[in-house]
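J.: Take this structure first; my questions come after.
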Amino acid sequence: LKTHLQDTDIRFAVLECVVNDGDQYNSVKNLLITWIGSKVPPGLAKAKAAGHRKELVNFLTESLAIAAEYQAENQSELNSKDMSAALTKRAATYQDSISTGEKKDKRQALSRSHASNGDRKKSQLNIIDEDKITEALKQVYAEEKSWVHITYVDGKKDEVYFKGVGDGGLESLKKELSDDRISFCVCTFKVVETTNIITKFVLLTWVPETINPLAKARSGSHRSELADWIITILPFHSHYQANNWDDLTEEGVLFKLRS
């Protein structure tokens, strides 16, 4: 891959990694690499790249689970230690999928879809009621509940809080959502795989079409930060974003999970 990345280039690449992070059921993770070479001049090209990356992520996640994102501008930054840290939040052992010597169809193909956004200590997002959210996430993971609802504090653009936890799946959760409020939720879905019914956990982002563009853009960054935190408590399988009620269907979510 490195041979295709020059100092004057802007490139996007997906690298399939096998990460030994203790998750034997989900060791294969896809890393989206944004390469902005050190000799790319500041200005319009770099600004466009940021916008194009977001569009590319939306396109890729229709068919591929992206576990994390990583940006580099020189070859020394493309190293296994830093890329492993982006995928696992710690220096896990990294191997590319070819070096494992395993057939692809024998490895876990579904990786968790969430974006890396750095150290929570540097975060501008304030999570209220962390203990309540943690407890609710553990209830969902134990299948005692089927969804958790997190949303913004009224009048606060960078603070989210625990809105509720409940049963009844997606249809029940939809009754808690509003046309004028962004929400972040974790919901369970039952997926039929061969002859088994498996529980899958999905991070749902509800961003209604009526929300102003600045708030929409901000929510993308906040979703990434929340995903990094949530996945340390509840290992969700994928992310799904809906902007209107027609998008927010069980069929739509299951289609992505099966992709």
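Residues in the structure tokens are named by chain (A, B, ... in the order shown) and by number from 1 within that chain; ligands are numbered from 1 in the order shown.
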If we count only C-alpha atoms and set the cut-off at 8 Å, which residues sit around stretch 153-160 of chain A, ignoring sequence neighbours fewer than 4 positions away in its own chain? Please answer as a PyMOL selection string.
T.: chain A and resi 124-128+215
J.: Okay, now the selection with N, CA and C atoms, as a PDB file, in the first residue's frame?
T.:
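This went into result.pdb:
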ATOM      1  N   GLN A 124     -14.287  17.549  23.284  1.00  0.00           N
ATOM      2  CA  GLN A 124     -15.114  18.716  23.587  1.00  0.00           C
ATOM      3  C   GLN A 124     -16.541  18.303  23.940  1.00  0.00           C
ATOM      4  N   LEU A 125     -16.818  16.997  23.896  1.00  0.00           N
ATOM      5  CA  LEU A 125     -18.150  16.496  24.207  1.00  0.00           C
ATOM      6  C   LEU A 125     -18.237  16.125  25.685  1.00  0.00           C
ATOM      7  N   ASN A 126     -19.230  16.646  26.348  1.00  0.00           N
ATOM      8  CA  ASN A 126     -19.438  16.344  27.761  1.00  0.00           C
ATOM      9  C   ASN A 126     -20.596  15.354  27.893  1.00  0.00           C
ATOM     10  N   ILE A 127     -20.312  14.205  28.448  1.00  0.00           N
ATOM     11  CA  ILE A 127     -21.338  13.179  28.621  1.00  0.00           C
ATOM     12  C   ILE A 127     -21.860  13.247  30.053  1.00  0.00           C
ATOM     13  N   ILE A 128     -23.102  13.662  30.185  1.00  0.00           N
ATOM     14  CA  ILE A 128     -23.760  13.713  31.492  1.00  0.00           C
ATOM     15  C   ILE A 128     -24.283  12.311  31.826  1.00  0.00           C
ATOM     16  N   ALA A 215     -25.282  21.925  13.131  1.00  0.00           N
ATOM     17  CA  ALA A 215     -25.555  20.918  14.157  1.00  0.00           C
ATOM     18  C   ALA A 215     -25.370  19.511  13.584  1.00  0.00           C
TER      19      ALA A 215
END
J.: Quick one: residues within 8 Å of stretch 182-198 of chain A, only C-alpha atoms, excluding same-chain residues fewer than 3 positions away - as a PDB file with all heavy atoms, in the first residue's frame?
T.:
ATOM      1  N   LEU A 137     -26.325   0.462  29.135  1.00  0.00           N
ATOM      2  CA  LEU A 137     -25.646  -0.283  28.077  1.00  0.00           C
ATOM      3  C   LEU A 137     -25.386  -1.723  28.501  1.00  0.00           C
ATOM      4  O   LEU A 137     -25.536  -2.658  27.703  1.00  0.00           O
ATOM      5  CB  LEU A 137     -24.326   0.401  27.718  1.00  0.00           C
ATOM      6  CG  LEU A 137     -24.437   1.738  26.972  1.00  0.00           C
ATOM      7  CD1 LEU A 137     -23.071   2.416  26.897  1.00  0.00           C
ATOM      8  CD2 LEU A 137     -25.007   1.545  25.572  1.00  0.00           C
ATOM      9  N   VAL A 140     -28.575  -3.664  28.129  1.00  0.00           N
ATOM     10  CA  VAL A 140     -28.843  -4.016  26.734  1.00  0.00           C
ATOM     11  C   VAL A 140     -27.931  -5.162  26.294  1.00  0.00           C
ATOM     12  O   VAL A 140     -28.367  -6.109  25.629  1.00  0.00           O
ATOM     13  CB  VAL A 140     -28.657  -2.789  25.818  1.00  0.00           C
ATOM     14  CG1 VAL A 140     -28.705  -3.198  24.344  1.00  0.00           C
ATOM     15  CG2 VAL A 140     -29.734  -1.750  26.098  1.00  0.00           C
ATOM     16  N   SER A 146     -33.718  -3.563  25.442  1.00  0.00           N
ATOM     17  CA  SER A 146     -33.433  -3.650  24.006  1.00  0.00           C
ATOM     18  C   SER A 146     -32.906  -2.356  23.393  1.00  0.00           C
ATOM     19  O   SER A 146     -32.447  -2.364  22.254  1.00  0.00           O
ATOM     20  CB  SER A 146     -34.694  -4.094  23.243  1.00  0.00           C
ATOM     21  OG  SER A 146     -35.721  -3.140  23.348  1.00  0.00           O
ATOM     22  N   TRP A 147     -32.947  -1.240  24.129  1.00  0.00           N
ATOM     23  CA  TRP A 147     -32.384  -0.009  23.580  1.00  0.00           C
ATOM     24  C   TRP A 147     -31.993   0.984  24.677  1.00  0.00           C
ATOM     25  O   TRP A 147     -32.503   0.931  25.782  1.00  0.00           O
ATOM     26  CB  TRP A 147     -33.336   0.664  22.590  1.00  0.00           C
ATOM     27  CG  TRP A 147     -34.741   0.931  23.082  1.00  0.00           C
ATOM     28  CD1 TRP A 147     -35.847   0.171  22.834  1.00  0.00           C
ATOM     29  CD2 TRP A 147     -35.192   2.031  23.903  1.00  0.00           C
ATOM     30  NE1 TRP A 147     -36.956   0.717  23.443  1.00  0.00           N
ATOM     31  CE2 TRP A 147     -36.585   1.870  24.100  1.00  0.00           C
ATOM     32  CE3 TRP A 147     -34.565   3.128  24.466  1.00  0.00           C
ATOM     33  CZ2 TRP A 147     -37.347   2.754  24.843  1.00  0.00           C
ATOM     34  CZ3 TRP A 147     -35.323   4.031  25.224  1.00  0.00           C
ATOM     35  CH2 TRP A 147     -36.697   3.840  25.397  1.00  0.00           C
ATOM     36  N   VAL A 148     -31.043   1.850  24.312  1.00  0.00           N
ATOM     37  CA  VAL A 148     -30.608   2.964  25.152  1.00  0.00           C
ATOM     38  C   VAL A 148     -30.718   4.237  24.313  1.00  0.00           C
ATOM     39  O   VAL A 148     -30.367   4.224  23.132  1.00  0.00           O
ATOM     40  CB  VAL A 148     -29.152   2.790  25.625  1.00  0.00           C
ATOM     41  CG1 VAL A 148     -28.714   3.991  26.460  1.00  0.00           C
ATOM     42  CG2 VAL A 148     -28.977   1.522  26.419  1.00  0.00           C
ATOM     43  N   HIS A 149     -31.175   5.309  24.919  1.00  0.00           N
ATOM     44  CA  HIS A 149     -31.377   6.566  24.212  1.00  0.00           C
ATOM     45  C   HIS A 149     -30.534   7.666  24.867  1.00  0.00           C
ATOM     46  O   HIS A 149     -30.658   7.929  26.056  1.00  0.00           O
ATOM     47  CB  HIS A 149     -32.868   6.934  24.258  1.00  0.00           C
ATOM     48  CG  HIS A 149     -33.206   8.176  23.496  1.00  0.00           C
ATOM     49  ND1 HIS A 149     -34.424   8.801  23.609  1.00  0.00           N
ATOM     50  CD2 HIS A 149     -32.493   8.923  22.608  1.00  0.00           C
ATOM     51  CE1 HIS A 149     -34.448   9.861  22.834  1.00  0.00           C
ATOM     52  NE2 HIS A 149     -33.282   9.956  22.203  1.00  0.00           N
ATOM     53  N   ILE A 150     -29.674   8.302  24.052  1.00  0.00           N
ATOM     54  CA  ILE A 150     -28.833   9.422  24.490  1.00  0.00           C
ATOM     55  C   ILE A 150     -29.125  10.605  23.571  1.00  0.00           C
ATOM     56  O   ILE A 150     -29.226  10.435  22.343  1.00  0.00           O
ATOM     57  CB  ILE A 150     -27.337   9.049  24.389  1.00  0.00           C
ATOM     58  CG1 ILE A 150     -27.033   7.805  25.229  1.00  0.00           C
ATOM     59  CG2 ILE A 150     -26.448  10.217  24.825  1.00  0.00           C
ATOM     60  CD1 ILE A 150     -25.669   7.182  24.922  1.00  0.00           C
ATOM     61  N   THR A 151     -29.260  11.795  24.129  1.00  0.00           N
ATOM     62  CA  THR A 151     -29.539  12.961  23.304  1.00  0.00           C
ATOM     63  C   THR A 151     -28.907  14.200  23.919  1.00  0.00           C
ATOM     64  O   THR A 151     -28.316  14.146  24.999  1.00  0.00           O
ATOM     65  CB  THR A 151     -31.055  13.151  23.121  1.00  0.00           C
ATOM     66  OG1 THR A 151     -31.295  14.159  22.130  1.00  0.00           O
ATOM     67  CG2 THR A 151     -31.724  13.567  24.424  1.00  0.00           C
ATOM     68  N   TYR A 152     -29.034  15.329  23.224  1.00  0.00           N
ATOM     69  CA  TYR A 152     -28.417  16.571  23.692  1.00  0.00           C
ATOM     70  C   TYR A 152     -29.226  17.215  24.821  1.00  0.00           C
ATOM     71  O   TYR A 152     -30.457  17.157  24.834  1.00  0.00           O
ATOM     72  CB  TYR A 152     -28.287  17.569  22.543  1.00  0.00           C
ATOM     73  CG  TYR A 152     -27.209  17.220  21.547  1.00  0.00           C
ATOM     74  CD1 TYR A 152     -27.523  16.584  20.350  1.00  0.00           C
ATOM     75  CD2 TYR A 152     -25.872  17.512  21.806  1.00  0.00           C
ATOM     76  CE1 TYR A 152     -26.539  16.259  19.434  1.00  0.00           C
ATOM     77  CE2 TYR A 152     -24.878  17.188  20.890  1.00  0.00           C
ATOM     78  CZ  TYR A 152     -25.213  16.563  19.705  1.00  0.00           C
ATOM     79  OH  TYR A 152     -24.232  16.227  18.808  1.00  0.00           O
ATOM     80  N   GLY A 169     -37.785  -3.072  21.230  1.00  0.00           N
ATOM     81  CA  GLY A 169     -37.055  -2.943  19.974  1.00  0.00           C
ATOM     82  C   GLY A 169     -37.187  -1.584  19.319  1.00  0.00           C
ATOM     83  O   GLY A 169     -37.524  -0.580  19.947  1.00  0.00           O
ATOM     84  N   LEU A 170     -36.928  -1.558  18.008  1.00  0.00           N
ATOM     85  CA  LEU A 170     -36.884  -0.304  17.262  1.00  0.00           C
ATOM     86  C   LEU A 170     -38.216   0.432  17.278  1.00  0.00           C
ATOM     87  O   LEU A 170     -38.250   1.664  17.404  1.00  0.00           O
ATOM     88  CB  LEU A 170     -36.458  -0.586  15.814  1.00  0.00           C
ATOM     89  CG  LEU A 170     -36.357   0.640  14.901  1.00  0.00           C
ATOM     90  CD1 LEU A 170     -35.318   1.621  15.430  1.00  0.00           C
ATOM     91  CD2 LEU A 170     -36.007   0.208  13.475  1.00  0.00           C
ATOM     92  N   LEU A 177     -38.164   9.300  19.878  1.00  0.00           N
ATOM     93  CA  LEU A 177     -37.405  10.231  19.052  1.00  0.00           C
ATOM     94  C   LEU A 177     -38.255  11.399  18.595  1.00  0.00           C
ATOM     95  O   LEU A 177     -39.481  11.306  18.540  1.00  0.00           O
ATOM     96  CB  LEU A 177     -36.829   9.491  17.839  1.00  0.00           C
ATOM     97  CG  LEU A 177     -35.967   8.257  18.151  1.00  0.00           C
ATOM     98  CD1 LEU A 177     -35.506   7.592  16.862  1.00  0.00           C
ATOM     99  CD2 LEU A 177     -34.784   8.618  19.036  1.00  0.00           C
ATOM    100  N   SER A 178     -37.594  12.493  18.250  1.00  0.00           N
ATOM    101  CA  SER A 178     -38.298  13.720  17.872  1.00  0.00           C
ATOM    102  C   SER A 178     -37.787  14.240  16.545  1.00  0.00           C
ATOM    103  O   SER A 178     -36.626  14.033  16.177  1.00  0.00           O
ATOM    104  CB  SER A 178     -38.090  14.785  18.963  1.00  0.00           C
ATOM    105  OG  SER A 178     -38.592  16.034  18.542  1.00  0.00           O
ATOM    106  N   PHE A 201     -25.976  -5.784  17.957  1.00  0.00           N
ATOM    107  CA  PHE A 201     -26.132  -4.469  18.569  1.00  0.00           C
ATOM    108  C   PHE A 201     -25.715  -3.409  17.558  1.00  0.00           C
ATOM    109  O   PHE A 201     -24.650  -3.499  16.954  1.00  0.00           O
ATOM    110  CB  PHE A 201     -25.269  -4.366  19.831  1.00  0.00           C
ATOM    111  CG  PHE A 201     -25.553  -5.449  20.832  1.00  0.00           C
ATOM    112  CD1 PHE A 201     -24.731  -6.561  20.929  1.00  0.00           C
ATOM    113  CD2 PHE A 201     -26.653  -5.365  21.676  1.00  0.00           C
ATOM    114  CE1 PHE A 201     -24.987  -7.564  21.847  1.00  0.00           C
ATOM    115  CE2 PHE A 201     -26.926  -6.366  22.585  1.00  0.00           C
ATOM    116  CZ  PHE A 201     -26.097  -7.465  22.680  1.00  0.00           C
ATOM    117  N   VAL A 202     -26.568  -2.402  17.391  1.00  0.00           N
ATOM    118  CA  VAL A 202     -26.333  -1.365  16.391  1.00  0.00           C
ATOM    119  C   VAL A 202     -26.366   0.011  17.047  1.00  0.00           C
ATOM    120  O   VAL A 202     -27.272   0.315  17.838  1.00  0.00           O
ATOM    121  CB  VAL A 202     -27.388  -1.433  15.262  1.00  0.00           C
ATOM    122  CG1 VAL A 202     -27.183  -0.302  14.265  1.00  0.00           C
ATOM    123  CG2 VAL A 202     -27.316  -2.785  14.546  1.00  0.00           C
ATOM    124  N   LEU A 203     -25.372   0.821  16.714  1.00  0.00           N
ATOM    125  CA  LEU A 203     -25.383   2.221  17.129  1.00  0.00           C
ATOM    126  C   LEU A 203     -26.198   2.998  16.104  1.00  0.00           C
ATOM    127  O   LEU A 203     -25.818   3.074  14.930  1.00  0.00           O
ATOM    128  CB  LEU A 203     -23.952   2.762  17.201  1.00  0.00           C
ATOM    129  CG  LEU A 203     -23.811   4.261  17.502  1.00  0.00           C
ATOM    130  CD1 LEU A 203     -24.381   4.607  18.872  1.00  0.00           C
ATOM    131  CD2 LEU A 203     -22.351   4.696  17.410  1.00  0.00           C
ATOM    132  N   LEU A 204     -27.321   3.540  16.531  1.00  0.00           N
ATOM    133  CA  LEU A 204     -28.213   4.302  15.658  1.00  0.00           C
ATOM    134  C   LEU A 204     -28.020   5.797  15.894  1.00  0.00           C
ATOM    135  O   LEU A 204     -28.036   6.252  17.041  1.00  0.00           O
ATOM    136  CB  LEU A 204     -29.671   3.950  15.933  1.00  0.00           C
ATOM    137  CG  LEU A 204     -30.146   2.531  15.634  1.00  0.00           C
ATOM    138  CD1 LEU A 204     -31.567   2.346  16.153  1.00  0.00           C
ATOM    139  CD2 LEU A 204     -30.099   2.254  14.137  1.00  0.00           C
ATOM    140  N   THR A 205     -27.834   6.528  14.818  1.00  0.00           N
ATOM    141  CA  THR A 205     -27.802   7.983  14.910  1.00  0.00           C
ATOM    142  C   THR A 205     -29.025   8.537  14.193  1.00  0.00           C
ATOM    143  O   THR A 205     -29.238   8.247  13.018  1.00  0.00           O
ATOM    144  CB  THR A 205     -26.526   8.551  14.265  1.00  0.00           C
ATOM    145  OG1 THR A 205     -25.382   7.909  14.819  1.00  0.00           O
ATOM    146  CG2 THR A 205     -26.420  10.048  14.533  1.00  0.00           C
ATOM    147  N   TRP A 206     -29.811   9.306  14.926  1.00  0.00           N
ATOM    148  CA  TRP A 206     -31.022   9.918  14.362  1.00  0.00           C
ATOM    149  C   TRP A 206     -30.731  11.406  14.163  1.00  0.00           C
ATOM    150  O   TRP A 206     -30.552  12.157  15.120  1.00  0.00           O
ATOM    151  CB  TRP A 206     -32.196   9.708  15.303  1.00  0.00           C
ATOM    152  CG  TRP A 206     -33.445  10.483  14.996  1.00  0.00           C
ATOM    153  CD1 TRP A 206     -33.997  11.474  15.750  1.00  0.00           C
ATOM    154  CD2 TRP A 206     -34.320  10.315  13.869  1.00  0.00           C
ATOM    155  NE1 TRP A 206     -35.156  11.943  15.169  1.00  0.00           N
ATOM    156  CE2 TRP A 206     -35.376  11.246  14.003  1.00  0.00           C
ATOM    157  CE3 TRP A 206     -34.307   9.469  12.757  1.00  0.00           C
ATOM    158  CZ2 TRP A 206     -36.398  11.366  13.085  1.00  0.00           C
ATOM    159  CZ3 TRP A 206     -35.332   9.586  11.821  1.00  0.00           C
ATOM    160  CH2 TRP A 206     -36.365  10.512  11.988  1.00  0.00           C
ATOM    161  N   VAL A 207     -30.625  11.828  12.887  1.00  0.00           N
ATOM    162  CA  VAL A 207     -30.344  13.224  12.552  1.00  0.00           C
ATOM    163  C   VAL A 207     -31.438  13.704  11.607  1.00  0.00           C
ATOM    164  O   VAL A 207     -31.324  13.572  10.380  1.00  0.00           O
ATOM    165  CB  VAL A 207     -28.964  13.378  11.889  1.00  0.00           C
ATOM    166  CG1 VAL A 207     -28.635  14.857  11.682  1.00  0.00           C
ATOM    167  CG2 VAL A 207     -27.873  12.725  12.742  1.00  0.00           C
ATOM    168  N   PRO A 208     -32.537  14.235  12.147  1.00  0.00           N
ATOM    169  CA  PRO A 208     -33.669  14.638  11.312  1.00  0.00           C
ATOM    170  C   PRO A 208     -33.279  15.669  10.251  1.00  0.00           C
ATOM    171  O   PRO A 208     -32.355  16.472  10.451  1.00  0.00           O
ATOM    172  CB  PRO A 208     -34.655  15.237  12.325  1.00  0.00           C
ATOM    173  CG  PRO A 208     -34.265  14.644  13.634  1.00  0.00           C
ATOM    174  CD  PRO A 208     -32.789  14.465  13.577  1.00  0.00           C
ATOM    175  N   ILE A 211     -32.839  19.508  11.060  1.00  0.00           N
ATOM    176  CA  ILE A 211     -31.727  20.032  11.854  1.00  0.00           C
ATOM    177  C   ILE A 211     -30.829  20.921  10.994  1.00  0.00           C
ATOM    178  O   ILE A 211     -30.575  20.612   9.821  1.00  0.00           O
ATOM    179  CB  ILE A 211     -30.897  18.868  12.447  1.00  0.00           C
ATOM    180  CG1 ILE A 211     -31.775  17.981  13.340  1.00  0.00           C
ATOM    181  CG2 ILE A 211     -29.698  19.379  13.212  1.00  0.00           C
ATOM    182  CD1 ILE A 211     -32.339  18.683  14.549  1.00  0.00           C
ATOM    183  N   SER A 219     -22.681  16.803  14.986  1.00  0.00           N
ATOM    184  CA  SER A 219     -23.146  15.512  15.498  1.00  0.00           C
ATOM    185  C   SER A 219     -22.295  14.361  14.963  1.00  0.00           C
ATOM    186  O   SER A 219     -22.147  13.329  15.624  1.00  0.00           O
ATOM    187  CB  SER A 219     -24.616  15.285  15.148  1.00  0.00           C
ATOM    188  OG  SER A 219     -24.790  15.028  13.757  1.00  0.00           O
ATOM    189  N   ARG A 223     -20.770  11.725  17.389  1.00  0.00           N
ATOM    190  CA  ARG A 223     -21.066  10.309  17.235  1.00  0.00           C
ATOM    191  C   ARG A 223     -19.795   9.479  17.306  1.00  0.00           C
ATOM    192  O   ARG A 223     -19.753   8.409  17.921  1.00  0.00           O
ATOM    193  CB  ARG A 223     -21.762  10.054  15.897  1.00  0.00           C
ATOM    194  CG  ARG A 223     -22.226   8.599  15.720  1.00  0.00           C
ATOM    195  CD  ARG A 223     -22.246   8.202  14.280  1.00  0.00           C
ATOM    196  NE  ARG A 223     -20.902   7.956  13.794  1.00  0.00           N
ATOM    197  CZ  ARG A 223     -20.557   8.022  12.512  1.00  0.00           C
ATOM    198  NH1 ARG A 223     -21.424   8.353  11.595  1.00  0.00           N
ATOM    199  NH2 ARG A 223     -19.309   7.793  12.146  1.00  0.00           N
ATOM    200  N   PHE A 236     -20.730  -3.063  19.971  1.00  0.00           N
ATOM    201  CA  PHE A 236     -21.742  -3.058  18.918  1.00  0.00           C
ATOM    202  C   PHE A 236     -21.134  -3.499  17.593  1.00  0.00           C
ATOM    203  O   PHE A 236     -19.925  -3.441  17.383  1.00  0.00           O
ATOM    204  CB  PHE A 236     -22.401  -1.679  18.799  1.00  0.00           C
ATOM    205  CG  PHE A 236     -21.469  -0.555  18.444  1.00  0.00           C
ATOM    206  CD1 PHE A 236     -21.181  -0.268  17.127  1.00  0.00           C
ATOM    207  CD2 PHE A 236     -20.896   0.236  19.433  1.00  0.00           C
ATOM    208  CE1 PHE A 236     -20.330   0.764  16.785  1.00  0.00           C
ATOM    209  CE2 PHE A 236     -20.058   1.285  19.115  1.00  0.00           C
ATOM    210  CZ  PHE A 236     -19.764   1.545  17.790  1.00  0.00           C
ATOM    211  N   LEU A 254     -31.343  -4.188   9.082  1.00  0.00           N
ATOM    212  CA  LEU A 254     -30.985  -5.599   8.844  1.00  0.00           C
ATOM    213  C   LEU A 254     -30.271  -5.757   7.503  1.00  0.00           C
ATOM    214  O   LEU A 254     -29.367  -6.591   7.382  1.00  0.00           O
ATOM    215  CB  LEU A 254     -32.232  -6.478   8.886  1.00  0.00           C
ATOM    216  CG  LEU A 254     -32.897  -6.620  10.264  1.00  0.00           C
ATOM    217  CD1 LEU A 254     -34.156  -7.477  10.149  1.00  0.00           C
ATOM    218  CD2 LEU A 254     -31.941  -7.224  11.280  1.00  0.00           C
TER     219      LEU A 254
END
J.: In Å, how far is it from atom CA of A:Phe59 to atom CA of A:Phe12?
T.: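 Atom-to-atom, atom CA of A:Phe59 and atom CA of A:Phe12 are spaced 12.8 Å apart.
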J.: From a DSSP calculation on the backbone, collect every residue of stretch 12-246 of chain A in strand (DSSP E or B) and output the set as a ChimeraX atom specification.
T.: /A:12-20,28-36,68-72,93-96,126-127,147-152,159-166,183-193,196-206,238-242
J.: With only C-alpha atoms as the atoms that count, which of A:Gln139, A:Thr232, A:Thr3, A:Asn212 lies nearest to A:Asp180?
T.: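 Smallest separation from A:Asp180 among the options: A:Asn212.
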J.: Just the number, please: distance in Å from atom CA of A:Met83 to atom CA of A:Gln241, one decimal.
T.: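 About the pair atom CA of A:Met83 and atom CA of A:Gln241: they are 25.7 Å apart.
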J.: If I take atom CA of A:Leu248 and atom CA of A:Tyr70, how far is one from the other in Å, to one decimal?
T.: 29.1 Å
J.: Pick out the residues sitting within 8 Å of stretch 73-79 of chain A, and hand them over as a PyMOL selection string; count only C-alpha atoms, and ignore anything fewer than 2 positions along from it in its own chain.
T.: chain A and resi 2+7+35-38+71+81-83
J.: Could you dump the residues just selected with all heavy atoms as a short mmCIF file (atom, residue, chain, number, x, y, z; two decimals), in the first residue's frame?
T.:
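Here's the written file part_34.cif:
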data_model
loop_
_atom_site.label_atom_id
_atom_site.label_comp_id
_atom_site.auth_asym_id
_atom_site.auth_seq_id
_atom_site.Cartn_x
_atom_site.Cartn_y
_atom_site.Cartn_z
N LYS A 2 1.94 1.24 0.78
CA LYS A 2 2.79 2.44 0.90
C LYS A 2 3.34 2.90 -0.45
O LYS A 2 3.55 4.10 -0.66
CB LYS A 2 3.94 2.17 1.86
CG LYS A 2 3.55 2.10 3.32
CD LYS A 2 4.78 1.90 4.19
CE LYS A 2 4.44 1.89 5.66
NZ LYS A 2 5.65 1.72 6.51
N ASP A 7 4.22 11.79 -1.59
CA ASP A 7 4.15 13.00 -0.77
C ASP A 7 3.26 14.09 -1.37
O ASP A 7 2.78 14.97 -0.65
CB ASP A 7 5.56 13.57 -0.55
CG ASP A 7 6.40 12.71 0.36
OD1 ASP A 7 5.81 11.91 1.12
OD2 ASP A 7 7.64 12.84 0.33
N TRP A 35 -4.74 9.64 3.43
CA TRP A 35 -3.35 10.03 3.21
C TRP A 35 -3.34 11.42 2.57
O TRP A 35 -3.84 11.62 1.47
CB TRP A 35 -2.66 9.02 2.30
CG TRP A 35 -1.32 9.46 1.79
CD1 TRP A 35 -1.04 10.07 0.60
CD2 TRP A 35 -0.06 9.34 2.47
NE1 TRP A 35 0.30 10.32 0.49
CE2 TRP A 35 0.93 9.89 1.62
CE3 TRP A 35 0.32 8.82 3.70
CZ2 TRP A 35 2.27 9.93 1.97
CZ3 TRP A 35 1.66 8.85 4.05
CH2 TRP A 35 2.62 9.39 3.20
N ILE A 36 -2.79 12.39 3.29
CA ILE A 36 -2.59 13.73 2.75
C ILE A 36 -1.09 13.98 2.82
O ILE A 36 -0.54 14.28 3.89
CB ILE A 36 -3.37 14.79 3.55
CG1 ILE A 36 -4.87 14.47 3.49
CG2 ILE A 36 -3.12 16.18 2.97
CD1 ILE A 36 -5.75 15.42 4.26
N GLY A 37 -0.42 13.80 1.70
CA GLY A 37 1.03 13.87 1.66
C GLY A 37 1.60 15.16 2.21
O GLY A 37 0.95 16.23 2.13
N SER A 38 2.80 15.08 2.73
CA SER A 38 3.42 16.23 3.39
C SER A 38 3.69 17.38 2.43
O SER A 38 3.85 18.53 2.86
CB SER A 38 4.73 15.80 4.06
OG SER A 38 5.61 15.23 3.11
N GLN A 71 -5.44 9.03 9.86
CA GLN A 71 -4.89 9.98 8.89
C GLN A 71 -3.38 10.03 9.03
O GLN A 71 -2.84 10.05 10.15
CB GLN A 71 -5.47 11.38 9.09
CG GLN A 71 -4.97 12.39 8.06
CD GLN A 71 -5.76 13.68 8.04
OE1 GLN A 71 -7.00 13.65 8.11
NE2 GLN A 71 -5.09 14.80 7.95
N LYS A 81 1.96 -0.03 15.07
CA LYS A 81 1.65 0.36 16.44
C LYS A 81 0.57 1.44 16.47
O LYS A 81 -0.42 1.33 17.20
CB LYS A 81 2.91 0.86 17.15
CG LYS A 81 2.66 1.28 18.60
CD LYS A 81 3.94 1.74 19.26
CE LYS A 81 3.68 2.18 20.70
NZ LYS A 81 4.92 2.65 21.37
N ASP A 82 0.75 2.51 15.67
CA ASP A 82 -0.21 3.61 15.69
C ASP A 82 -1.54 3.21 15.08
O ASP A 82 -2.61 3.61 15.54
CB ASP A 82 0.37 4.82 14.95
CG ASP A 82 1.49 5.49 15.72
OD1 ASP A 82 1.59 5.26 16.94
OD2 ASP A 82 2.28 6.23 15.10
N MET A 83 -1.50 2.39 14.02
CA MET A 83 -2.75 1.95 13.41
C MET A 83 -3.50 1.00 14.33
O MET A 83 -4.73 1.02 14.40
CB MET A 83 -2.48 1.33 12.04
CG MET A 83 -2.05 2.34 11.00
SD MET A 83 -1.98 1.70 9.30
CE MET A 83 -0.59 0.59 9.43
#
J.: Nearest to A:Leu173: which of A:Ala72, A:Thr249, A:His237, A:His222 is it, counting only C-alpha atoms?
T.: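 Nearest to A:Leu173: A:Thr249.
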